[in-house]
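First comes the structure, then the notes that go with it.
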Amino acid sequence: MLDTLFHLLHTLRDGLAAPMIILATLGVFIMLGWLLVPRTLLPGPKMLRLAVMLTSGMVFAQGFIATVCFQRVSYFAWLSLCQLFLAAWFRSRRALSESVPVTEQWTRREIAGLAFVSGLLLLFFHLPFRYTDGEGQIFRMHEDMGYFVDMVVALPESKAANAWSIFMGNQTTEAIGVQDVWYHWGSLFLAVGIRSVTFLSAAQALMVVTNSVLNFLLIISAGALASSVLRLSTLRALLMGGAMITAVNVLRSATLMDLLMHWLPFDNFHHLRVPVALTLPYKFEGILVFTSLALWQSQRSALALGMIYVAACSAPHTVAVVGVSAAPLALLGLLRRDASMFKTGALAVTTALAGWATVHFIFQASLPLNTGNGVSLITVQKLFDAVKFGALDSVVTLLLSAILMVGVFSLIRGKAPKSTHQTKMLGWLSLCGLAGACVALHAMTLADRFHVVLMTHAVLVMPVGACGLLGMALSSSKWPRLVAISLLAAAVAMGCQTILGPALRRDPEPWNMAHIATIRQHLAGQPVGYFSVQDRPWWIPKNAMLGGHLESRIVRLNPIDQRASIFFSAQAFNIPLVWLPPEPGEKAFTWSIRLARKLGIRHLLETPDDKLPKSVKALCKPIAEAGGLVLYELLPVSAPPVTPEIRDTVN
């Protein structure tokens, strides 16, 4: 009887832990935001003020956690220091002011509506990120998610915001020669902080708590943008915020992708639309972009530029989105002789470049790992090809985006309620982003250049298009209203299908949480290595999610010829081989064991798909087995014997 009661209490505790920590995290953000955003700085509408407070609290928390984690001042801390300085300055102005600005107050009904609507939306948005069921069975996740989860484990050890932190651990900076890399680290630092002060695992901290917190902020910031553009009530703004981060402009279809592959003379992966609610790496920056757009539409241009600066410092992806949308807007302003349009675009681009310059030149943060040859606009022919393919891709994208582009064109026409020149510019900005992203895509040869299109659509084109459709519905009568509502419903329905797709196609892993607990107990947080004949690049192992569940950095030890992969980079591939040069005639497995010992790896893991070579097993002893996972401990052998089974060499 007592065992049953204790089991029930533990189950209740585990079930309530994540929601309580989510609420506590939001409470911390609100308190930080209240301190950082005095009423003299932003006395405006309550939805906008809430979005700015939450966003400010989120950015400050990220900087504080990064400082504690790295035990040094980085560009993350710079943003927090700027926030403190601005808050102190505006509060000093308030002390000298005779009048106190009045802010809108939340009613109990609005708070209840906020809790109910956001609660339902958060449950829905969490479905594709569920990695286990109620019985402890673990589901297979996209390998990129595993990279982010295991990076939450690796960052405190490496003390470097570096893609190689999973691989090199505390030797990252010395081995790579680079300390911090400019990348979207925001959500990872939040998860690091949450994990450090709670009993949650890395997967729980990132995919449950941090993910839900970011989803809530996305709803609020997108709702603030909708409210600023359409002057909506609080409940309508919340619902519209959920719709904006859900809606997509084309249904995911293998048939459509096959047709595009047959018709187009270039890759079509960037035509797979992904809502920001489904893309964890975009969420932190998406919140900043939505909030900056909401401030801009509410005539707070200086604050909007400040938020763009923060977003630019946060990730290069944001600079790309701002560049491909605001730069064409400035050019369009010149052509139309619209001084306001030119000024808006030029200031946005300048601010984004200032963020990049701060991170790169002042704090010496390196650019992201280059897996290609960079920008290809070198010769006239390459410039011509980029424009030619970019124009063709823009037409294709415009046709595929027709549903939500109706809303964009509605904003441009200025038929929305209380339409202003700025709401029209918002429509133009989205249209410029659609075309600019396509041209930029074909101007680069980076392996992950598709992000410039996917993120531009996720945080700008699709949300603004959905907002425009609602504006069209509110300003129209009879059949135009019906058309607008139908198109918005279709876009949201396609977004729901896209979000639910991963949840419905979830494959179980051979292991469950009990098996993981058995292996994790023996590892005790120490790094673990494995061997594989087919894997992703060194710095992003396919078994990263497994490492995240084990709360250990997981490292592939053997080199693999990946020259046929689009992600191959000779420079990146050679980093471990330069750091630990192979000896003349050294066998691959011998070098791998030396690599493991230098990295401080004392355990090797065998999975059903990735078996250890026999020659490696001879140097280990098995210490645990569960769910098809076998954990070995390396024996203290100084020189492993050469065996005939291993014929390949490292060099």
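For the structure tokens, the naming scheme is as follows: chains receive sequential letters (A, B, ...) according to their order of presentation, residues are indexed from 1 within each chain, and ligands are indexed from 1 in presentation order.
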Can you pull out every residue within 6 Å of segment 607-618 of chain A, counting only C-alpha atoms, but drop anything in the same chain fewer than 3 positions away, and send it as a ChimeraX atom specification?
/A:531-532,628-629
Emit the selected residues as a PDB file, in the first residue's frame, including N, CA and C atoms.
```
ATOM      1  N   PHE A 531      31.670   3.950 -32.102  1.00  0.00           N
ATOM      2  CA  PHE A 531      32.183   3.757 -33.448  1.00  0.00           C
ATOM      3  C   PHE A 531      31.003   3.572 -34.393  1.00  0.00           C
ATOM      4  N   SER A 532      31.136   4.086 -35.599  1.00  0.00           N
ATOM      5  CA  SER A 532      30.047   3.972 -36.567  1.00  0.00           C
ATOM      6  C   SER A 532      30.618   3.953 -37.973  1.00  0.00           C
ATOM      7  N   GLY A 628      19.574  -3.152 -25.554  1.00  0.00           N
ATOM      8  CA  GLY A 628      20.418  -3.202 -26.737  1.00  0.00           C
ATOM      9  C   GLY A 628      21.652  -2.333 -26.637  1.00  0.00           C
ATOM     10  N   LEU A 629      21.767  -1.564 -25.558  1.00  0.00           N
ATOM     11  CA  LEU A 629      22.944  -0.734 -25.322  1.00  0.00           C
ATOM     12  C   LEU A 629      23.930  -1.502 -24.445  1.00  0.00           C
TER      13      LEU A 629
END
```
Which residues are near Arg93 of chain A? Cut-off 10 Å, only C-alpha atoms, ignore same chain within fewer than 5 positions. Put them as a list in words.
Thr40, Leu41, Ala87, Ala88 and Glu98 of chain A
Env of His549 of chain A: 8 Å cut, atoms = only C-alpha atoms, seq-sep filter 4 positions within chain, self excluded. Answer as a compact mmCIF listing (two decimals) with C-alpha atoms, in the first residue's frame.
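And here's part.txt as it stands now:
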```
# COMPACT_ATOMS: atom_id res chain seq x y z
CA SER A 201 17.38 16.24 -17.39
CA ALA A 202 18.84 18.06 -20.36
CA ALA A 203 16.02 16.78 -22.57
CA ILE A 516 18.85 4.77 -20.05
CA MET A 545 19.99 12.53 -28.53
```
Who sits within 10 Å of segment 390-402 of chain A, only C-alpha atoms, same chain under 3 positions skipped, as a PyMOL selection string
chain A and resi 248-251+260+264-266+268+270-271+273+384-387+405-408+431+434-443+453+457+461-462+465+487+491
Generate a file of the selected residues that holds N, CA and C atoms, formatted as a compact mmCIF listing (two decimals), in the first residue's frame.
```
# COMPACT_ATOMS: atom_id res chain seq x y z
N VAL A 248 1.11 28.12 -42.37
CA VAL A 248 2.10 27.94 -43.43
C VAL A 248 1.41 28.18 -44.77
N ASN A 249 2.21 28.50 -45.79
CA ASN A 249 1.61 28.85 -47.07
C ASN A 249 1.64 27.74 -48.10
N VAL A 250 2.10 26.55 -47.73
CA VAL A 250 2.04 25.41 -48.64
C VAL A 250 2.06 24.13 -47.83
N LEU A 251 1.28 23.16 -48.25
CA LEU A 251 1.18 21.89 -47.54
C LEU A 251 2.41 21.03 -47.82
N LEU A 260 8.67 19.61 -58.15
CA LEU A 260 9.62 20.73 -58.15
C LEU A 260 11.02 20.25 -58.51
N LEU A 264 12.56 22.22 -61.60
CA LEU A 264 13.49 23.30 -61.27
C LEU A 264 14.94 22.86 -61.47
N PRO A 265 15.79 23.76 -61.93
CA PRO A 265 17.21 23.42 -62.14
C PRO A 265 18.06 23.58 -60.89
N PHE A 266 17.43 23.54 -59.70
CA PHE A 266 18.17 23.67 -58.45
C PHE A 266 17.42 22.93 -57.35
N ASN A 268 15.28 21.93 -54.05
CA ASN A 268 13.97 22.45 -53.64
C ASN A 268 13.70 22.32 -52.16
N HIS A 270 14.33 24.17 -49.71
CA HIS A 270 13.89 25.41 -49.07
C HIS A 270 12.42 25.70 -49.31
N HIS A 271 11.76 24.92 -50.15
CA HIS A 271 10.32 25.13 -50.37
C HIS A 271 9.47 24.36 -49.35
N ARG A 273 7.96 24.48 -46.14
CA ARG A 273 7.67 25.53 -45.17
C ARG A 273 7.53 24.94 -43.76
N PHE A 384 25.14 36.81 -62.57
CA PHE A 384 24.02 36.64 -63.49
C PHE A 384 23.21 35.40 -63.13
N ASP A 385 23.90 34.30 -62.82
CA ASP A 385 23.19 33.06 -62.45
C ASP A 385 22.39 33.24 -61.17
N ALA A 386 22.97 33.95 -60.20
CA ALA A 386 22.26 34.16 -58.94
C ALA A 386 20.98 34.95 -59.15
N VAL A 387 21.06 36.01 -59.97
CA VAL A 387 19.88 36.82 -60.24
C VAL A 387 18.87 36.01 -61.05
N MET A 405 0.06 35.18 -49.33
CA MET A 405 0.43 36.41 -50.02
C MET A 405 -0.80 37.29 -50.28
N VAL A 406 -1.98 36.69 -50.28
CA VAL A 406 -3.20 37.49 -50.37
C VAL A 406 -3.27 38.46 -49.19
N GLY A 407 -2.90 37.98 -48.01
CA GLY A 407 -2.87 38.84 -46.84
C GLY A 407 -1.80 39.90 -46.93
N VAL A 408 -0.64 39.54 -47.48
CA VAL A 408 0.44 40.52 -47.65
C VAL A 408 0.00 41.63 -48.59
N LEU A 431 7.02 41.13 -48.72
CA LEU A 431 7.20 40.82 -50.14
C LEU A 431 8.67 40.92 -50.53
N LEU A 434 10.49 37.85 -49.27
CA LEU A 434 10.27 36.66 -50.11
C LEU A 434 11.23 36.66 -51.29
N ALA A 435 11.32 37.78 -52.01
CA ALA A 435 12.19 37.85 -53.18
C ALA A 435 13.67 37.90 -52.77
N GLY A 436 13.99 38.69 -51.75
CA GLY A 436 15.38 38.82 -51.33
C GLY A 436 15.98 37.53 -50.83
N ALA A 437 15.19 36.73 -50.13
CA ALA A 437 15.69 35.45 -49.62
C ALA A 437 16.01 34.49 -50.76
N CYS A 438 15.20 34.51 -51.81
CA CYS A 438 15.45 33.63 -52.95
C CYS A 438 16.75 34.00 -53.67
N VAL A 439 16.98 35.30 -53.87
CA VAL A 439 18.20 35.75 -54.52
C VAL A 439 19.41 35.42 -53.64
N ALA A 440 19.30 35.66 -52.34
CA ALA A 440 20.40 35.37 -51.42
C ALA A 440 20.73 33.88 -51.41
N LEU A 441 19.70 33.05 -51.48
CA LEU A 441 19.91 31.60 -51.49
C LEU A 441 20.83 31.19 -52.64
N HIS A 442 20.58 31.75 -53.81
CA HIS A 442 21.35 31.35 -54.99
C HIS A 442 22.66 32.13 -55.11
N ALA A 443 22.87 33.09 -54.23
CA ALA A 443 24.14 33.83 -54.21
C ALA A 443 25.17 33.17 -53.31
N VAL A 453 15.94 31.25 -46.39
CA VAL A 453 14.57 31.21 -46.90
C VAL A 453 13.61 30.72 -45.82
N HIS A 457 10.61 33.13 -44.06
CA HIS A 457 9.19 32.79 -44.15
C HIS A 457 8.59 32.53 -42.77
N VAL A 461 7.34 36.36 -43.46
CA VAL A 461 6.38 36.26 -44.56
C VAL A 461 5.09 35.59 -44.12
N MET A 462 5.18 34.41 -43.50
CA MET A 462 3.96 33.68 -43.15
C MET A 462 3.19 34.34 -42.01
N GLY A 465 1.58 37.49 -43.42
CA GLY A 465 0.52 37.11 -44.34
C GLY A 465 -0.75 36.69 -43.61
N LEU A 487 -9.09 31.31 -46.44
CA LEU A 487 -7.65 31.21 -46.68
C LEU A 487 -6.87 31.12 -45.38
N ALA A 491 -4.54 28.00 -44.16
CA ALA A 491 -3.13 28.16 -43.78
C ALA A 491 -2.86 27.59 -42.39
```
Could you list, as a list in words, every residue within 9 Å of Gln562 of chain A, counting only C-alpha atoms and ignoring same-chain residues fewer than 5 positions away?
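In the requested form, the answer reads Gln534, Asp535, Arg536, Pro537, Phe567, Phe568, Ser569 and Phe573 of chain A.
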Going by DSSP on the backbone, which residues of segment 205-272 of chain A come out as alpha helix (DSSP H)? List them as a ChimeraX atom specification.
/A:211-230,234-244,254-263
Of the candidates A:Leu460, A:Pro510, A:Gln521, A:Pro43, which shows the shortest atom-to-atom distance to Ala247 of chain A, using only C-alpha atoms?
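Ranked by minimum distance to Ala247 of chain A, first place goes to A:Leu460.
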Write out as JSON, numbers by chain which residues come within 10 Å of Ala51 of chain A when counting only C-alpha atoms, dropping same-chain ones fewer than 3 positions away.
{"A": [30, 33, 46, 47, 48, 54, 55, 56, 57, 217, 218, 219, 220, 221, 222, 223, 224, 225, 287, 288, 290, 291, 292, 294, 295]}
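If you measure from each of A:Val324, A:Met494, A:Met261, A:Leu123 to Val208 of chain A using only C-alpha atoms, the closest one turns out to be A:Leu123.
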Proximity to Arg520 of chain A - best of A:Asp561, A:Met425, A:His451, A:Ala624, only C-alpha atoms:
A:Ala624
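If you measure from each of A:Phe129, A:Phe85, A:Phe60, A:Trp579 to Met145 of chain A using only C-alpha atoms, the closest one turns out to be A:Phe129.
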Counting only C-alpha atoms, what are the residues of segment 155-262 of chain A within 8 Å of segment 299-315 of chain A, and for each of them which pair of atoms is the nearest and at what distance in Å, to one decimal? Sort the table by chain and rising number, as a Markdown table.
```
| residue | atom | partner | partner_atom | distance |
| --- | --- | --- | --- | --- |
| A:Trp182 | CA | A:Ala315 | CA | 6.1 |
| A:Tyr183 | CA | A:Ala315 | CA | 4.8 |
| A:His184 | CA | A:Ala315 | CA | 4.7 |
| A:Trp185 | CA | A:Ser314 | CA | 7.4 |
| A:Gly186 | CA | A:Ser314 | CA | 7.1 |
```
Residue among A:Met444, A:Ile65, A:Val229, A:Val37 lying closest to Thr423 of chain A, counting only C-alpha atoms:
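Among the listed residues, A:Val229 lies closest to Thr423 of chain A.
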Among the residues A:Ala339, A:Met207, A:Leu595, A:Val452, the one that comes closest to Ala320 of chain A [using only C-alpha atoms]:
A:Val452
